[in-house]
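Visitor: Dropping in model.cif, with mmCIF, C-alpha atoms.
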```
data_run
#
loop_
_atom_site.label_atom_id
_atom_site.label_comp_id
_atom_site.auth_asym_id
_atom_site.auth_seq_id
_atom_site.Cartn_x
_atom_site.Cartn_y
_atom_site.Cartn_z
CA MET A 416 25.03 7.56 33.77
CA LYS A 417 22.62 10.34 32.97
CA VAL A 418 22.35 14.02 33.69
CA TRP A 419 19.16 16.07 33.57
CA ALA A 420 19.92 19.51 32.17
CA LYS A 421 17.36 22.29 32.25
CA THR A 422 17.06 26.00 31.64
CA VAL A 423 14.82 27.96 33.97
CA ARG A 424 13.25 31.39 33.53
CA GLY A 425 11.52 32.64 36.65
CA GLU A 426 9.89 29.54 38.09
CA LYS A 427 9.37 27.69 34.79
CA ILE A 428 11.53 25.16 32.99
CA THR A 429 11.98 26.42 29.43
CA ARG A 430 14.14 23.58 28.03
CA ASP A 431 15.31 20.27 29.35
CA VAL A 432 17.16 17.21 28.16
CA LEU A 433 18.27 13.91 29.63
CA TYR A 434 21.88 13.40 28.51
CA GLU A 435 23.72 10.08 28.79
CA TYR A 436 27.45 9.90 29.43
CA GLU A 437 30.00 7.35 30.55
CA HIS A 438 31.61 8.81 33.65
CA VAL A 439 32.93 12.14 34.90
CA SER A 440 36.17 11.64 36.80
CA ASP A 441 37.94 14.94 36.13
CA GLU A 442 37.27 18.52 35.05
CA ASP A 443 38.10 17.87 31.40
CA GLU A 444 35.46 15.15 31.16
CA PHE A 445 32.95 17.40 32.96
CA ILE A 446 33.58 20.21 30.46
CA SER A 447 33.22 17.75 27.58
CA VAL A 448 29.85 16.56 28.93
CA LEU A 449 28.79 20.18 29.52
CA HIS A 450 29.69 21.08 25.94
CA GLY A 451 27.74 18.10 24.57
CA ILE A 452 24.66 19.06 26.61
CA CYS A 453 24.80 22.67 25.45
CA GLU A 454 25.15 21.60 21.82
CA GLN A 455 22.14 19.30 22.15
CA MET A 456 20.08 22.06 23.82
CA ASP A 457 21.30 24.68 21.32
CA ILE A 458 22.47 27.09 24.03
CA PRO A 459 25.85 28.77 24.62
CA THR A 460 28.34 26.87 26.76
CA PRO A 461 28.93 28.59 30.11
CA ILE A 462 32.30 29.19 31.68
CA SER A 463 32.84 26.32 34.09
CA THR A 464 34.95 26.68 37.22
CA ARG A 465 36.36 24.14 39.65
CA VAL A 466 33.46 25.02 41.96
CA ASN A 467 30.95 23.81 39.34
CA PHE A 468 32.85 20.56 38.92
CA ASN A 469 33.13 20.04 42.69
CA HIS A 470 29.42 20.70 43.24
CA PHE A 471 28.54 18.23 40.51
CA VAL A 472 30.80 15.52 41.94
CA MET A 473 29.96 16.07 45.63
CA PHE A 474 26.26 17.01 45.42
CA ASN A 475 25.24 15.63 41.97
CA HIS A 476 24.06 19.12 41.09
CA THR A 477 25.44 22.41 39.79
CA ARG A 478 23.97 25.57 38.33
CA PHE A 479 25.10 28.35 36.06
CA LYS A 480 23.72 31.89 36.16
CA GLU A 481 23.70 34.64 33.55
CA ARG A 482 27.10 35.90 34.70
CA ASP A 483 28.64 32.52 33.73
CA PHE A 484 27.82 33.02 30.04
CA VAL A 485 29.72 35.20 27.59
CA GLU A 486 26.87 35.24 25.07
CA HIS A 487 23.31 36.46 25.60
CA ILE A 488 20.92 33.86 27.05
CA ASP A 489 17.12 33.75 27.23
CA PHE A 490 16.88 32.08 30.66
CA ASP A 491 17.89 32.87 34.24
CA VAL A 492 19.54 29.62 35.35
CA PHE A 493 21.04 26.55 33.69
CA GLU A 494 21.04 23.52 36.00
CA LEU A 495 22.69 20.11 35.76
CA GLU A 496 21.55 17.27 37.99
CA ALA A 497 22.99 13.75 37.96
CA VAL A 498 20.33 11.06 37.71
CA PRO A 499 21.28 7.82 39.44
CA ASP A 500 20.94 4.63 37.43
CA LYS A 501 18.14 2.36 38.62
CA LYS A 502 19.41 -0.98 39.77
CA LYS A 503 17.49 -4.04 38.71
CA SER A 504 15.95 -5.87 41.62
CA ARG A 505 15.25 -9.57 41.58
#
```
Would you kindly transcribe this structure into structure tokens?
Guide:
Amino acid sequence: MKVWAKTVRGEKITRDVLYEYEHVSDEDEFISVLHGICEQMDIPTPISTRVNFNHFVMFNHTRFKERDFVEHIDFDVFELEAVPDKKKSR
């Protein structure tokens, strides 16, 4: 599976990455994927709550705001969106 991660400042995307992962079945795996994405994007890892995990699982989307980060960030919102795998048609 893939997740599209992006940082947004105002109305503009400032960074984005398409991150591949196996599967997210629990909060620990979600946090591991989140940490990997943040390392790849060279941004601080936000504090993730059960709400973030639930939104990602139920709606394939979650977002983190400035208040979710301990360190200073140069963007307004950090968004994660699951990208469904395309199925091959015959």
Visitor: Go through A:Glu494, A:Glu444, A:Asp489, A:Glu435 and flag the residue nearest Asn475 in chain A, using only C-alpha atoms for the distances.
Guide: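 For Asn475 in chain A, the nearest of the given residues is A:Glu494.
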Visitor: CA of Phe474 in chain A to CA of Val439 in chain A: how many Å, to one decimal?
Guide: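 Between CA of Phe474 in chain A and CA of Val439 in chain A the gap is 13.4 Å.
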Visitor: How many Å separate CA of Pro499 in chain A from CA of Asp483 in chain A?
Guide: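 About the pair CA of Pro499 in chain A and CA of Asp483 in chain A: they are 26.4 Å apart.
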Visitor: Might you pull out every residue within 8 Å of Trp419 in chain A, with all atoms listed in the file counted and same-chain residues fewer than 5 positions away left off, and present them as a list in words?
Guide: Asp431, Val432, Leu433, Tyr434, Leu495, Glu496, Ala497 and Val498 of chain A
Visitor: Which one is closest to Ile462 in chain A: A:Phe484, A:Glu442, A:Asp500, A:Val448? Count only C-alpha atoms.
Guide: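 Among the listed residues, A:Phe484 lies closest to Ile462 in chain A.
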Visitor: Could you write range 426-460 of chain A as a PDB file, keeping the file's coordinate frame, with N, CA and C atoms rebuilt where they are missing?
Guide:
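File result_26.pdb, as written:
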```pdb
ATOM      1  N   GLU A 426      10.176  30.804  37.402  1.00  0.00           N
ATOM      2  CA  GLU A 426       9.890  29.540  38.090  1.00  0.00           C
ATOM      3  C   GLU A 426       9.626  28.396  37.108  1.00  0.00           C
ATOM      4  N   LYS A 427       9.751  28.679  35.797  1.00  0.00           N
ATOM      5  CA  LYS A 427       9.370  27.690  34.790  1.00  0.00           C
ATOM      6  C   LYS A 427      10.573  27.119  34.050  1.00  0.00           C
ATOM      7  N   ILE A 428      10.511  25.820  33.801  1.00  0.00           N
ATOM      8  CA  ILE A 428      11.530  25.160  32.990  1.00  0.00           C
ATOM      9  C   ILE A 428      11.221  25.478  31.532  1.00  0.00           C
ATOM     10  N   THR A 429      12.195  26.048  30.827  1.00  0.00           N
ATOM     11  CA  THR A 429      11.980  26.420  29.430  1.00  0.00           C
ATOM     12  C   THR A 429      12.523  25.383  28.454  1.00  0.00           C
ATOM     13  N   ARG A 430      13.575  24.673  28.835  1.00  0.00           N
ATOM     14  CA  ARG A 430      14.140  23.580  28.030  1.00  0.00           C
ATOM     15  C   ARG A 430      14.677  22.541  28.996  1.00  0.00           C
ATOM     16  N   ASP A 431      14.641  21.296  28.559  1.00  0.00           N
ATOM     17  CA  ASP A 431      15.310  20.270  29.350  1.00  0.00           C
ATOM     18  C   ASP A 431      15.683  19.103  28.452  1.00  0.00           C
ATOM     19  N   VAL A 432      16.685  18.371  28.906  1.00  0.00           N
ATOM     20  CA  VAL A 432      17.160  17.210  28.160  1.00  0.00           C
ATOM     21  C   VAL A 432      17.772  16.226  29.157  1.00  0.00           C
ATOM     22  N   LEU A 433      17.629  14.961  28.854  1.00  0.00           N
ATOM     23  CA  LEU A 433      18.270  13.910  29.630  1.00  0.00           C
ATOM     24  C   LEU A 433      19.452  13.418  28.793  1.00  0.00           C
ATOM     25  N   TYR A 434      20.651  13.670  29.267  1.00  0.00           N
ATOM     26  CA  TYR A 434      21.880  13.400  28.510  1.00  0.00           C
ATOM     27  C   TYR A 434      22.611  12.221  29.132  1.00  0.00           C
ATOM     28  N   GLU A 435      22.982  11.253  28.300  1.00  0.00           N
ATOM     29  CA  GLU A 435      23.720  10.080  28.790  1.00  0.00           C
ATOM     30  C   GLU A 435      25.208  10.258  28.546  1.00  0.00           C
ATOM     31  N   TYR A 436      25.995   9.820  29.525  1.00  0.00           N
ATOM     32  CA  TYR A 436      27.450   9.900  29.430  1.00  0.00           C
ATOM     33  C   TYR A 436      28.063   8.719  30.174  1.00  0.00           C
ATOM     34  N   GLU A 437      29.322   8.480  29.928  1.00  0.00           N
ATOM     35  CA  GLU A 437      30.000   7.350  30.550  1.00  0.00           C
ATOM     36  C   GLU A 437      30.293   7.606  32.021  1.00  0.00           C
ATOM     37  N   HIS A 438      31.189   8.541  32.286  1.00  0.00           N
ATOM     38  CA  HIS A 438      31.610   8.810  33.650  1.00  0.00           C
ATOM     39  C   HIS A 438      32.351  10.142  33.676  1.00  0.00           C
ATOM     40  N   VAL A 439      32.203  10.880  34.738  1.00  0.00           N
ATOM     41  CA  VAL A 439      32.930  12.140  34.900  1.00  0.00           C
ATOM     42  C   VAL A 439      33.897  11.956  36.070  1.00  0.00           C
ATOM     43  N   SER A 440      35.186  11.847  35.737  1.00  0.00           N
ATOM     44  CA  SER A 440      36.170  11.640  36.800  1.00  0.00           C
ATOM     45  C   SER A 440      37.106  12.834  36.965  1.00  0.00           C
ATOM     46  N   ASP A 441      37.100  13.752  35.994  1.00  0.00           N
ATOM     47  CA  ASP A 441      37.940  14.940  36.130  1.00  0.00           C
ATOM     48  C   ASP A 441      37.273  16.126  35.438  1.00  0.00           C
ATOM     49  N   GLU A 442      37.860  17.295  35.592  1.00  0.00           N
ATOM     50  CA  GLU A 442      37.270  18.520  35.050  1.00  0.00           C
ATOM     51  C   GLU A 442      37.155  18.508  33.531  1.00  0.00           C
ATOM     52  N   ASP A 443      38.135  17.920  32.856  1.00  0.00           N
ATOM     53  CA  ASP A 443      38.100  17.870  31.400  1.00  0.00           C
ATOM     54  C   ASP A 443      36.895  17.072  30.900  1.00  0.00           C
ATOM     55  N   GLU A 444      36.618  15.952  31.541  1.00  0.00           N
ATOM     56  CA  GLU A 444      35.460  15.150  31.160  1.00  0.00           C
ATOM     57  C   GLU A 444      34.153  15.893  31.476  1.00  0.00           C
ATOM     58  N   PHE A 445      34.124  16.612  32.600  1.00  0.00           N
ATOM     59  CA  PHE A 445      32.950  17.400  32.960  1.00  0.00           C
ATOM     60  C   PHE A 445      32.685  18.476  31.900  1.00  0.00           C
ATOM     61  N   ILE A 446      33.729  19.156  31.477  1.00  0.00           N
ATOM     62  CA  ILE A 446      33.580  20.210  30.460  1.00  0.00           C
ATOM     63  C   ILE A 446      33.139  19.599  29.133  1.00  0.00           C
ATOM     64  N   SER A 447      33.634  18.429  28.794  1.00  0.00           N
ATOM     65  CA  SER A 447      33.220  17.750  27.580  1.00  0.00           C
ATOM     66  C   SER A 447      31.726  17.395  27.625  1.00  0.00           C
ATOM     67  N   VAL A 448      31.266  16.877  28.761  1.00  0.00           N
ATOM     68  CA  VAL A 448      29.850  16.560  28.930  1.00  0.00           C
ATOM     69  C   VAL A 448      29.024  17.841  28.867  1.00  0.00           C
ATOM     70  N   LEU A 449      29.484  18.891  29.528  1.00  0.00           N
ATOM     71  CA  LEU A 449      28.790  20.180  29.520  1.00  0.00           C
ATOM     72  C   LEU A 449      28.651  20.714  28.098  1.00  0.00           C
ATOM     73  N   HIS A 450      29.720  20.620  27.329  1.00  0.00           N
ATOM     74  CA  HIS A 450      29.690  21.080  25.940  1.00  0.00           C
ATOM     75  C   HIS A 450      28.690  20.269  25.106  1.00  0.00           C
ATOM     76  N   GLY A 451      28.681  18.950  25.289  1.00  0.00           N
ATOM     77  CA  GLY A 451      27.740  18.100  24.570  1.00  0.00           C
ATOM     78  C   GLY A 451      26.291  18.431  24.900  1.00  0.00           C
ATOM     79  N   ILE A 452      26.017  18.693  26.180  1.00  0.00           N
ATOM     80  CA  ILE A 452      24.660  19.060  26.610  1.00  0.00           C
ATOM     81  C   ILE A 452      24.247  20.373  25.972  1.00  0.00           C
ATOM     82  N   CYS A 453      25.123  21.352  26.010  1.00  0.00           N
ATOM     83  CA  CYS A 453      24.800  22.670  25.450  1.00  0.00           C
ATOM     84  C   CYS A 453      24.582  22.601  23.944  1.00  0.00           C
ATOM     85  N   GLU A 454      25.363  21.786  23.254  1.00  0.00           N
ATOM     86  CA  GLU A 454      25.150  21.600  21.820  1.00  0.00           C
ATOM     87  C   GLU A 454      23.780  20.986  21.558  1.00  0.00           C
ATOM     88  N   GLN A 455      23.422  19.974  22.325  1.00  0.00           N
ATOM     89  CA  GLN A 455      22.140  19.300  22.150  1.00  0.00           C
ATOM     90  C   GLN A 455      20.976  20.245  22.463  1.00  0.00           C
ATOM     91  N   MET A 456      21.143  21.126  23.443  1.00  0.00           N
ATOM     92  CA  MET A 456      20.080  22.060  23.820  1.00  0.00           C
ATOM     93  C   MET A 456      20.104  23.337  22.980  1.00  0.00           C
ATOM     94  N   ASP A 457      21.126  23.503  22.163  1.00  0.00           N
ATOM     95  CA  ASP A 457      21.300  24.680  21.320  1.00  0.00           C
ATOM     96  C   ASP A 457      21.361  25.963  22.165  1.00  0.00           C
ATOM     97  N   ILE A 458      22.227  25.926  23.188  1.00  0.00           N
ATOM     98  CA  ILE A 458      22.470  27.090  24.030  1.00  0.00           C
ATOM     99  C   ILE A 458      23.979  27.320  24.110  1.00  0.00           C
ATOM    100  N   PRO A 459      24.415  28.534  24.453  1.00  0.00           N
ATOM    101  CA  PRO A 459      25.850  28.770  24.620  1.00  0.00           C
ATOM    102  C   PRO A 459      26.416  27.952  25.771  1.00  0.00           C
ATOM    103  N   THR A 460      27.680  27.604  25.680  1.00  0.00           N
ATOM    104  CA  THR A 460      28.340  26.870  26.760  1.00  0.00           C
ATOM    105  C   THR A 460      28.828  27.867  27.800  1.00  0.00           C
TER     106      THR A 460
END
```
